[in-house]
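Raw contents of entry.cif, mmCIF, C-alpha atoms:
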```cif
data_model
#
loop_
_atom_site.label_atom_id
_atom_site.label_comp_id
_atom_site.auth_asym_id
_atom_site.auth_seq_id
_atom_site.Cartn_x
_atom_site.Cartn_y
_atom_site.Cartn_z
CA MET A 160 -17.00 -1.32 21.97
CA GLY A 161 -18.03 2.28 22.59
CA THR A 162 -14.89 2.81 24.64
CA ARG A 163 -12.72 1.31 21.88
CA ARG A 164 -14.26 3.59 19.26
CA SER A 165 -13.67 6.69 21.38
CA GLN A 166 -10.06 5.57 21.93
CA VAL A 167 -9.56 5.26 18.19
CA ASN A 168 -11.07 8.71 17.64
CA ARG A 169 -8.78 10.24 20.26
CA ARG A 170 -5.79 8.65 18.57
CA ALA A 171 -6.89 10.11 15.25
CA GLY A 172 -5.97 13.56 16.52
CA ALA A 173 -2.36 12.49 16.90
CA ARG A 174 -2.09 10.84 13.49
CA LYS A 175 1.01 11.13 11.40
CA PRO A 176 0.65 13.04 8.14
CA VAL A 177 -0.39 11.37 4.91
CA VAL A 178 1.71 11.80 1.77
CA VAL A 179 -0.55 12.03 -1.29
CA GLY A 180 1.23 11.31 -4.58
CA LEU A 181 -0.39 12.84 -7.66
CA ASP A 182 0.58 12.12 -11.28
CA GLY A 183 -2.09 13.88 -13.31
CA SER A 184 -4.07 10.67 -13.93
CA PRO A 185 -7.78 10.23 -13.14
CA HIS A 186 -6.85 7.60 -10.52
CA ALA A 187 -4.71 10.11 -8.69
CA SER A 188 -7.47 12.71 -8.68
CA ARG A 189 -9.74 10.17 -6.93
CA VAL A 190 -7.15 9.59 -4.19
CA ILE A 191 -8.09 12.71 -2.24
CA GLY A 192 -11.81 11.89 -2.30
CA HIS A 193 -11.18 8.40 -0.96
CA LEU A 194 -8.75 9.70 1.63
CA VAL A 195 -11.28 12.17 3.00
CA ARG A 196 -13.96 9.47 3.23
CA LEU A 197 -11.60 6.95 4.76
CA CYS A 198 -9.67 9.02 7.30
CA GLY A 199 -12.03 11.89 8.11
CA ARG A 200 -9.54 14.62 9.00
CA GLY A 201 -5.80 14.80 9.35
CA ARG A 202 -2.63 16.31 7.97
CA ALA A 203 -1.40 15.80 4.42
CA VAL A 204 1.48 16.62 2.13
CA VAL A 205 0.34 16.66 -1.50
CA VAL A 206 3.26 15.87 -3.81
CA ARG A 207 3.65 15.89 -7.56
CA VAL A 208 7.03 14.84 -8.94
CA VAL A 209 7.91 16.15 -12.38
CA GLU A 210 10.54 14.19 -14.25
CA PRO A 211 13.36 16.45 -15.46
CA GLY A 212 13.60 17.07 -19.21
CA ARG A 213 16.66 15.76 -20.96
CA VAL A 214 18.24 17.61 -23.86
CA PRO A 215 19.05 15.05 -26.57
CA SER A 216 22.66 14.72 -27.65
CA LEU A 217 23.03 16.47 -31.02
CA PRO A 218 26.76 16.32 -31.81
CA LEU A 219 26.34 17.08 -35.52
CA ALA A 220 23.87 19.94 -35.12
CA SER A 221 24.99 23.54 -35.04
CA ALA A 222 25.15 25.52 -31.77
CA SER A 223 22.03 27.49 -32.68
CA VAL A 224 20.00 24.28 -33.25
CA ARG A 225 21.26 22.81 -29.97
CA ALA A 226 20.30 26.04 -28.16
CA ALA A 227 16.84 25.98 -29.78
CA VAL A 228 16.27 22.34 -28.72
CA ALA A 229 17.49 23.07 -25.18
CA GLY A 230 15.08 26.03 -25.06
CA MET A 231 12.18 23.81 -26.17
CA VAL A 232 13.01 21.25 -23.45
CA ARG A 233 13.20 24.01 -20.81
CA THR A 234 9.85 25.42 -21.95
CA ASP A 235 8.28 21.94 -21.80
CA VAL A 236 9.56 21.30 -18.26
CA ALA A 237 8.34 24.74 -17.14
CA ARG A 238 4.91 24.00 -18.63
CA ARG A 239 4.78 20.63 -16.85
CA ILE A 240 5.78 22.24 -13.56
CA ARG A 241 3.02 24.85 -13.93
CA THR A 242 0.44 22.11 -14.64
CA ALA A 243 1.73 20.11 -11.65
CA GLN A 244 1.49 23.18 -9.40
CA ARG A 245 -2.13 23.75 -10.47
CA GLU A 246 -2.97 20.09 -9.72
CA VAL A 247 -1.27 20.24 -6.32
CA ASP A 248 -3.00 23.53 -5.43
CA ALA A 249 -6.37 22.03 -6.36
CA GLY A 250 -5.63 18.97 -4.21
CA VAL A 251 -4.55 21.08 -1.23
CA ALA A 252 -7.65 23.29 -1.56
CA ARG A 253 -9.90 20.24 -1.67
CA LEU A 254 -8.31 18.77 1.45
CA ARG A 255 -8.53 22.12 3.29
CA ARG A 256 -12.21 22.38 2.40
CA ALA A 257 -12.66 18.96 4.03
CA GLY A 258 -11.03 20.26 7.22
CA TRP A 259 -7.53 18.87 6.63
CA SER A 260 -4.30 20.67 7.33
CA ALA A 261 -2.54 20.32 3.97
CA ARG A 262 0.48 21.66 2.15
CA GLY A 263 1.57 21.13 -1.44
CA MET A 264 4.92 20.38 -3.00
CA VAL A 265 6.14 20.13 -6.58
CA CYS A 266 9.60 18.68 -7.06
CA THR A 267 11.63 17.42 -9.98
CA GLY A 268 13.33 14.05 -10.02
CA VAL A 269 12.55 10.35 -10.23
CA PRO A 270 9.04 9.86 -8.72
CA LEU A 271 9.51 6.86 -6.39
CA PRO A 272 12.73 7.98 -4.65
CA GLU A 273 11.28 11.48 -4.28
CA LEU A 274 8.10 10.10 -2.71
CA LEU A 275 10.11 7.91 -0.32
CA ARG A 276 12.23 10.94 0.61
CA THR A 277 9.06 12.97 1.28
CA ILE A 278 7.72 10.18 3.52
CA ARG A 279 10.95 10.25 5.56
CA ARG A 280 11.08 14.06 5.80
CA ALA A 281 7.41 14.44 6.73
CA LYS A 282 7.60 11.44 9.11
CA ALA A 283 4.44 10.30 7.35
CA GLY A 284 2.26 7.38 8.43
CA LEU A 285 0.60 6.63 5.11
CA LEU A 286 1.25 7.00 1.39
CA ALA A 287 -1.80 7.36 -0.87
CA LEU A 288 -1.36 6.81 -4.61
CA GLY A 289 -3.38 6.16 -7.72
CA ALA A 290 -2.77 2.94 -9.63
CA CYS A 291 -2.29 3.32 -13.37
CA GLY A 292 -4.65 1.50 -15.72
CA ALA A 293 -8.24 2.41 -16.39
CA GLY A 294 -9.76 -0.99 -17.14
CA GLY A 295 -9.68 -3.86 -19.59
CA ALA A 296 -6.15 -4.92 -20.43
CA LYS A 297 -4.77 -1.94 -18.56
CA ARG A 298 -6.27 -3.33 -15.35
CA LEU A 299 -3.54 -5.95 -15.30
CA PHE A 300 -0.84 -3.32 -15.20
CA LEU A 301 0.15 -1.39 -12.17
CA GLY A 302 2.04 1.87 -12.50
CA SER A 303 5.74 1.53 -11.83
CA VAL A 304 5.53 4.01 -8.97
CA ALA A 305 2.64 2.18 -7.29
CA HIS A 306 4.43 -1.12 -7.88
CA GLY A 307 7.66 0.18 -6.32
CA ALA A 308 5.80 1.81 -3.43
CA VAL A 309 4.04 -1.44 -2.48
CA ASN A 310 7.41 -3.15 -2.21
CA ARG A 311 9.62 -0.39 -0.87
CA ALA A 312 7.59 2.11 1.16
CA PRO A 313 8.25 1.85 4.91
CA VAL A 314 4.65 2.91 5.67
CA PRO A 315 1.22 1.55 4.69
CA VAL A 316 0.32 2.34 1.07
CA LEU A 317 -3.25 3.08 -0.08
CA ILE A 318 -3.67 2.25 -3.78
CA VAL A 319 -6.71 3.80 -5.44
CA ARG A 320 -8.19 2.47 -8.68
CA MET B 1084 -18.54 5.80 -1.27
CA LYS B 1085 -18.82 4.66 2.34
CA ILE B 1086 -16.59 1.87 3.58
CA THR B 1087 -18.91 -0.89 4.75
CA GLU B 1088 -16.99 -4.06 3.93
CA ILE B 1089 -13.28 -4.52 4.67
CA LEU B 1090 -11.36 -7.61 3.56
CA LEU B 1091 -8.38 -8.87 5.54
CA PRO B 1092 -6.52 -11.67 3.75
CA THR B 1093 -4.19 -13.41 6.19
CA ASP B 1094 -1.45 -16.02 6.13
CA PHE B 1095 -1.16 -15.91 9.96
CA SER B 1096 2.35 -14.46 9.78
CA ALA B 1097 3.67 -11.60 11.94
CA ALA B 1098 3.22 -9.24 9.00
CA ALA B 1099 -0.42 -10.33 8.67
CA ASP B 1100 -0.91 -9.56 12.39
CA ALA B 1101 0.15 -5.96 11.70
CA ALA B 1102 -2.40 -5.76 8.87
CA ALA B 1103 -5.03 -7.25 11.21
CA LEU B 1104 -4.42 -4.44 13.71
CA VAL B 1105 -4.83 -1.81 10.99
CA ALA B 1106 -7.93 -3.50 9.54
CA THR B 1107 -9.55 -3.81 12.99
CA ALA B 1108 -8.85 -0.15 13.76
CA MET B 1109 -10.34 0.90 10.41
CA ALA B 1110 -13.38 -1.32 10.89
CA LEU B 1111 -13.89 0.21 14.34
CA GLU B 1112 -13.62 3.71 12.96
CA THR B 1113 -15.87 3.20 9.94
CA GLY B 1114 -18.25 0.67 11.52
CA ALA B 1115 -17.57 -1.69 8.61
CA ARG B 1116 -17.85 -5.46 8.63
CA LEU B 1117 -14.50 -7.26 8.52
CA HIS B 1118 -14.07 -10.29 6.24
CA VAL B 1119 -11.10 -12.41 7.36
CA VAL B 1120 -9.96 -14.73 4.60
CA HIS B 1121 -7.27 -17.39 4.37
CA VAL B 1122 -6.39 -19.07 1.08
CA VAL B 1123 -4.88 -22.57 1.07
CA PRO B 1124 -3.27 -24.00 -2.05
CA VAL B 1125 -5.19 -26.67 -3.95
CA ALA B 1126 -4.68 -30.24 -2.64
CA THR B 1127 -3.63 -28.97 0.81
CA ASP B 1128 -5.22 -30.05 4.07
CA PRO B 1129 -7.25 -26.99 5.14
CA SER B 1130 -7.84 -28.15 8.75
CA LEU B 1131 -4.87 -26.28 10.27
CA GLY B 1132 -5.74 -23.05 8.45
CA SER B 1133 -9.36 -23.48 9.44
CA GLU B 1134 -8.50 -23.69 13.15
CA GLN B 1135 -6.24 -20.65 13.02
CA LEU B 1136 -8.83 -18.71 11.05
CA THR B 1137 -11.55 -19.48 13.61
CA ARG B 1138 -9.22 -18.41 16.43
CA LEU B 1139 -8.31 -15.14 14.67
CA GLY B 1140 -11.95 -14.44 13.83
CA ARG B 1141 -12.94 -14.96 17.49
CA GLN B 1142 -10.11 -12.70 18.63
CA ILE B 1143 -11.02 -9.83 16.27
CA GLY B 1144 -14.75 -10.45 16.63
CA LYS B 1145 -14.70 -9.06 20.18
CA ASP B 1146 -14.50 -5.55 18.74
CA VAL B 1147 -16.05 -5.66 15.25
CA THR B 1148 -18.45 -7.71 13.14
CA VAL B 1149 -16.40 -10.46 11.55
CA GLU B 1150 -17.06 -12.94 8.76
CA THR B 1151 -14.44 -15.62 8.09
CA ALA B 1152 -13.89 -17.60 4.90
CA LEU B 1153 -11.44 -20.34 3.99
CA LEU B 1154 -10.73 -20.39 0.26
CA SER B 1155 -8.78 -22.81 -1.87
CA GLY B 1156 -6.78 -21.94 -4.98
CA ARG B 1157 -4.28 -19.31 -6.05
CA ALA B 1158 -4.09 -16.65 -3.37
CA ALA B 1159 -4.26 -13.39 -5.35
CA ARG B 1160 -6.95 -14.61 -7.75
CA GLU B 1161 -9.13 -15.97 -4.93
CA ILE B 1162 -8.78 -12.79 -2.86
CA ALA B 1163 -9.68 -10.54 -5.82
CA GLY B 1164 -12.60 -12.85 -6.71
CA TYR B 1165 -13.89 -12.79 -3.12
CA ALA B 1166 -13.63 -8.98 -3.07
CA ARG B 1167 -15.67 -8.79 -6.29
CA ASP B 1168 -18.33 -11.27 -5.09
CA LYS B 1169 -18.84 -9.72 -1.66
CA GLY B 1170 -18.71 -6.07 -2.80
CA ILE B 1171 -15.64 -5.31 -0.69
CA ASP B 1172 -14.74 -1.61 -0.42
CA LEU B 1173 -11.23 -1.92 0.99
CA ILE B 1174 -8.63 -4.70 1.15
CA VAL B 1175 -6.08 -4.40 3.96
CA MET B 1176 -3.13 -6.73 3.53
CA SER B 1177 0.45 -7.09 4.61
CA THR B 1178 3.56 -7.05 2.49
CA HIS B 1179 6.55 -9.14 3.51
CA GLY B 1180 8.92 -6.70 1.84
CA ARG B 1181 10.79 -9.38 -0.06
CA THR B 1182 13.25 -8.19 -2.66
CA GLY B 1183 15.78 -9.78 -5.00
CA VAL B 1184 16.08 -13.56 -5.06
CA SER B 1185 13.38 -14.32 -2.48
CA ARG B 1186 10.88 -12.14 -4.35
CA ALA B 1187 11.74 -13.74 -7.67
CA LEU B 1188 11.26 -17.20 -6.13
CA LEU B 1189 8.20 -16.56 -4.00
CA GLY B 1190 6.57 -13.64 -5.78
CA SER B 1191 4.40 -11.08 -4.09
CA VAL B 1192 0.77 -11.87 -3.35
CA ALA B 1193 0.13 -8.27 -2.28
CA GLU B 1194 1.38 -6.95 -5.60
CA ALA B 1195 -0.82 -9.39 -7.53
CA VAL B 1196 -3.84 -8.45 -5.40
CA VAL B 1197 -3.24 -4.75 -6.11
CA ARG B 1198 -3.17 -5.58 -9.82
CA LEU B 1199 -6.37 -7.65 -9.79
CA SER B 1200 -8.38 -5.93 -7.09
CA PRO B 1201 -11.58 -4.10 -8.05
CA CYS B 1202 -11.40 -1.82 -5.00
CA LEU B 1203 -9.07 0.21 -2.77
CA VAL B 1204 -6.08 -1.65 -1.38
CA LEU B 1205 -4.12 -0.68 1.72
CA THR B 1206 -0.81 -2.50 2.00
CA VAL B 1207 0.83 -2.64 5.41
CA PRO B 1208 4.58 -3.26 5.37
CA MET B 1209 6.37 -5.61 7.72
CA THR B 1210 8.19 -3.06 9.88
CA PRO B 1211 10.88 -3.74 12.44
CA VAL B 1212 9.96 -3.24 16.10
CA GLY B 1213 10.64 0.32 17.22
CA THR B 1214 10.05 1.90 13.80
CA ALA B 1215 6.39 0.93 13.69
CA ALA B 1216 4.25 2.47 11.00
CA GLN B 1217 1.14 4.42 11.92
CA ALA B 1218 -1.93 3.91 9.84
CA PRO B 1219 -5.17 5.84 9.75
CA GLY B 1220 -7.07 5.07 12.92
CA ALA B 1221 -4.32 2.95 14.38
CA ALA B 1222 -2.12 4.42 17.07
CA GLN B 1223 0.88 2.14 16.87
CA VAL B 1224 1.04 -0.59 14.30
CA GLY B 1225 4.21 -2.53 14.69
CA ALA B 1226 4.65 -6.02 13.37
CA PRO B 1227 6.34 -8.09 16.04
CA THR B 1228 9.01 -9.26 13.64
CA LEU B 1229 12.49 -10.59 14.11
CA PRO B 1230 15.39 -8.79 12.51
CA HIS B 1231 16.36 -11.59 10.11
CA HIS B 1232 14.28 -13.72 7.78
CA CYS B 1233 14.92 -16.79 5.68
CA ILE B 1234 15.03 -15.80 2.01
CA VAL B 1235 13.10 -18.97 1.12
CA CYS B 1236 10.26 -19.22 3.65
CA ALA B 1237 10.56 -15.75 5.32
CA GLY B 1238 10.66 -17.52 8.69
CA ALA B 1239 12.77 -16.13 11.53
CA THR B 1240 16.44 -17.04 11.35
CA GLU B 1241 19.83 -15.47 11.98
CA ASP B 1242 21.09 -16.85 8.65
CA LEU B 1243 20.18 -16.20 5.04
CA VAL B 1244 18.42 -19.58 4.74
CA CYS B 1245 16.84 -21.28 7.78
CA GLU B 1246 17.82 -24.80 8.93
CA SER B 1247 14.67 -26.54 7.69
CA CYS B 1248 14.88 -24.97 4.20
CA ARG B 1249 18.59 -25.75 4.04
CA ALA B 1250 17.89 -29.41 4.92
CA ARG B 1251 15.15 -29.58 2.30
CA ILE B 1252 17.43 -28.13 -0.39
CA ARG B 1253 20.27 -30.52 0.57
CA SER B 1254 17.97 -33.54 0.46
CA GLY B 1255 17.07 -32.68 -3.13
CA ARG B 1256 13.39 -32.05 -2.33
CA GLY B 1257 13.73 -28.50 -3.67
CA ILE B 1258 12.34 -25.42 -2.04
#
```

Turn this file's structure into structure tokens for me.
Amino acid sequence: MGTRRSQVNRRAGARKPVVVGLDGSPHASRVIGHLVRLCGRGRAVVVRVVEPGRVPSLPLASASVRAAVAGMVRTDVARRIRTAQREVDAGVARLRRAGWSARGMVCTGVPLPELLRTIRRAKAGLLALGACGAGGAKRLFLGSVAHGAVNRAPVPVLIVR
Amino acid sequence: MKITEILLPTDFSAAADAAALVATAMALETGARLHVVHVVPVATDPSLGSEQLTRLGRQIGKDVTVETALLSGRAAREIAGYARDKGIDLIVMSTHGRTGVSRALLGSVAEAVVRLSPCLVLTVPMTPVGTAAQAPGAAQVGAPTLPHHCIVCAGATEDLVCESCRARIRSGRGI
């Protein structure tokens, strides 16, 4: 048994990276803590996908109103990207403090396809995600990203509640 | 939170074997006790499942502390209930990766467990040989699966529906 344990520990050095998906929820912020406790040390790519803002169609509004609305949408997306960057930086710093080799990434797009693309690019061995729903009735619901990841990810998925 | 209790629900399929490898590796690494559980539907003879469960428990038990349990009822609900009762810290289970019609017909136990579970869940996908996934603590986790599966029973077949399921559908006994 001692030999087996040392073999497992040796293998741990050659682990594939872990993709950590953040979404700003309290579940997601717990993911890193659980990951550190569960896996000890390793490599990680911390990802936050920001959904792109869409300018509503305003065919009857004047050009100046349309420009103002488009400006508001751009400002909102920029604000969300800044918040996402702060969250990713905090996650990366926390992992580095725990001895991990980590890098962060903020991208815009649809979350699940972006996460699956990141897994492929990073040749990751694990995807760690938070499940949506804090308790009570919400407990029955699983976030659409977590739900899609369980069914479509080509690697093991760690869902944190 | 230290991982001291790991739950491995199994249906004895190839995909479940991949999850068993991951769960054993994690139990070895964390020193946790491994609970191996099989759920049989109500009004089903549990003797076959019981034998397989004992065999699997003995096999895994060479490396880690194992506790086996045979439950009866609806799979996801029983697994989540067991996890709650025994204070499980992590559930490691396989996903068959069904989509479309087969998923609509058969559902996904893993998905339901993730919904109901009170603790962390690690789902291990059924991966083709050669593109094996690597999990924490496990060097190479590859489910020894065949390239094609029956959309009804997920058994190995070169066709969309295997011979036995096709015969059952033709005879009017349903799926």

**Request:** For each of A:Gly284, A:Thr242, A:Ala308, A:Leu194, take the minimum atom-to-atom distance to chain B, counting all atoms listed in the file, then give the residue where this is smallest.
**Result:**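 Closest residue, counting all atoms listed in the file: A:Gly284.
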
**Request:** Choose the residue, out of A:Leu197, A:Ala187, A:Val206, A:Leu271, that has the smallest atom-to-atom separation from Gly1114 (chain B); count all atoms listed in the file.
**Result:**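 Among A:Leu197, A:Ala187, A:Val206, A:Leu271, it is A:Leu197 that comes nearest to Gly1114 (chain B).
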
**Request:** Taking the file as shown, find all residues satisfying the PyMOL selection byres ((chain B and resi 1162) around 8) and write them as a list of chain:residue names.
**Result:** B:Pro1092, B:Val1120, B:Val1122, B:Ala1158, B:Ala1159, B:Arg1160, B:Glu1161, B:Ala1163, B:Gly1164, B:Tyr1165, B:Ala1166, B:Val1196

Keeping only C-alpha atoms, write the selected residues as a PDB file, keeping the file's coordinate frame.
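Result file is result-v6.pdb:
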```
ATOM      1  CA  PRO B1092      -6.520 -11.670   3.750  1.00  0.00           C
ATOM      2  CA  VAL B1120      -9.960 -14.730   4.600  1.00  0.00           C
ATOM      3  CA  VAL B1122      -6.390 -19.070   1.080  1.00  0.00           C
ATOM      4  CA  ALA B1158      -4.090 -16.650  -3.370  1.00  0.00           C
ATOM      5  CA  ALA B1159      -4.260 -13.390  -5.350  1.00  0.00           C
ATOM      6  CA  ARG B1160      -6.950 -14.610  -7.750  1.00  0.00           C
ATOM      7  CA  GLU B1161      -9.130 -15.970  -4.930  1.00  0.00           C
ATOM      8  CA  ALA B1163      -9.680 -10.540  -5.820  1.00  0.00           C
ATOM      9  CA  GLY B1164     -12.600 -12.850  -6.710  1.00  0.00           C
ATOM     10  CA  TYR B1165     -13.890 -12.790  -3.120  1.00  0.00           C
ATOM     11  CA  ALA B1166     -13.630  -8.980  -3.070  1.00  0.00           C
ATOM     12  CA  VAL B1196      -3.840  -8.450  -5.400  1.00  0.00           C
TER      13      VAL B1196
END
```

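Of the residues under consideration (B:Met1176, B:Ala1103, B:Val1147, B:Ala1126), B:Met1176 shows the shortest atom-to-atom contact distance to Val1207 (chain B) when counting only C-alpha atoms.
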
**Asked** What is the CA of Trp259 (chain A)-CA of Ser1200 (chain B) distance in Å, reported with one decimal?
**Response** 28.4 Å

**Request:** Using all atoms listed in the file, pick whichever of B:Leu1104, B:Ala1099, B:Leu1090, B:Val1197 has the shortest atom-to-atom distance to Thr1151 (chain B).
**Result:**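 Going through B:Leu1104, B:Ala1099, B:Leu1090, B:Val1197 one by one, the smallest distance to Thr1151 (chain B) is for B:Leu1090.
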
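With all atoms listed in the file taken into account, every residue lying no more than 10 Å from the file point (-3.4, -15.9, 8.5) is included here: Leu1091, Pro1092, Thr1093, Asp1094, Phe1095, Ser1096, Ala1097, Ala1098, Ala1099, Asp1100, Ala1103, Val1119, Val1120, His1121, Val1122, Gly1132, Ser1133, Gln1135, Leu1136 and Leu1139 of chain B.
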
What would the file look like if the residues just selected were written as a PDB file, in the frame of the given file with C-alpha atoms?
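So result11.pdb came out as:
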```
ATOM      1  CA  LEU B1091      -8.380  -8.870   5.540  1.00  0.00           C
ATOM      2  CA  PRO B1092      -6.520 -11.670   3.750  1.00  0.00           C
ATOM      3  CA  THR B1093      -4.190 -13.410   6.190  1.00  0.00           C
ATOM      4  CA  ASP B1094      -1.450 -16.020   6.130  1.00  0.00           C
ATOM      5  CA  PHE B1095      -1.160 -15.910   9.960  1.00  0.00           C
ATOM      6  CA  SER B1096       2.350 -14.460   9.780  1.00  0.00           C
ATOM      7  CA  ALA B1097       3.670 -11.600  11.940  1.00  0.00           C
ATOM      8  CA  ALA B1098       3.220  -9.240   9.000  1.00  0.00           C
ATOM      9  CA  ALA B1099      -0.420 -10.330   8.670  1.00  0.00           C
ATOM     10  CA  ASP B1100      -0.910  -9.560  12.390  1.00  0.00           C
ATOM     11  CA  ALA B1103      -5.030  -7.250  11.210  1.00  0.00           C
ATOM     12  CA  VAL B1119     -11.100 -12.410   7.360  1.00  0.00           C
ATOM     13  CA  VAL B1120      -9.960 -14.730   4.600  1.00  0.00           C
ATOM     14  CA  HIS B1121      -7.270 -17.390   4.370  1.00  0.00           C
ATOM     15  CA  VAL B1122      -6.390 -19.070   1.080  1.00  0.00           C
ATOM     16  CA  GLY B1132      -5.740 -23.050   8.450  1.00  0.00           C
ATOM     17  CA  SER B1133      -9.360 -23.480   9.440  1.00  0.00           C
ATOM     18  CA  GLN B1135      -6.240 -20.650  13.020  1.00  0.00           C
ATOM     19  CA  LEU B1136      -8.830 -18.710  11.050  1.00  0.00           C
ATOM     20  CA  LEU B1139      -8.310 -15.140  14.670  1.00  0.00           C
TER      21      LEU B1139
END
```

**Picked residues, the PyMOL selection byres ((chain A and resi 245-249) around 7), as a ChimeraX atom specification** = /A:205-207,241-244,250-253,263

**Asked** Between A:Cys198, A:Val178, A:Val209, A:Ala227, which has the minimum distance to chain B (counting only C-alpha atoms)?
**Response** A:Cys198
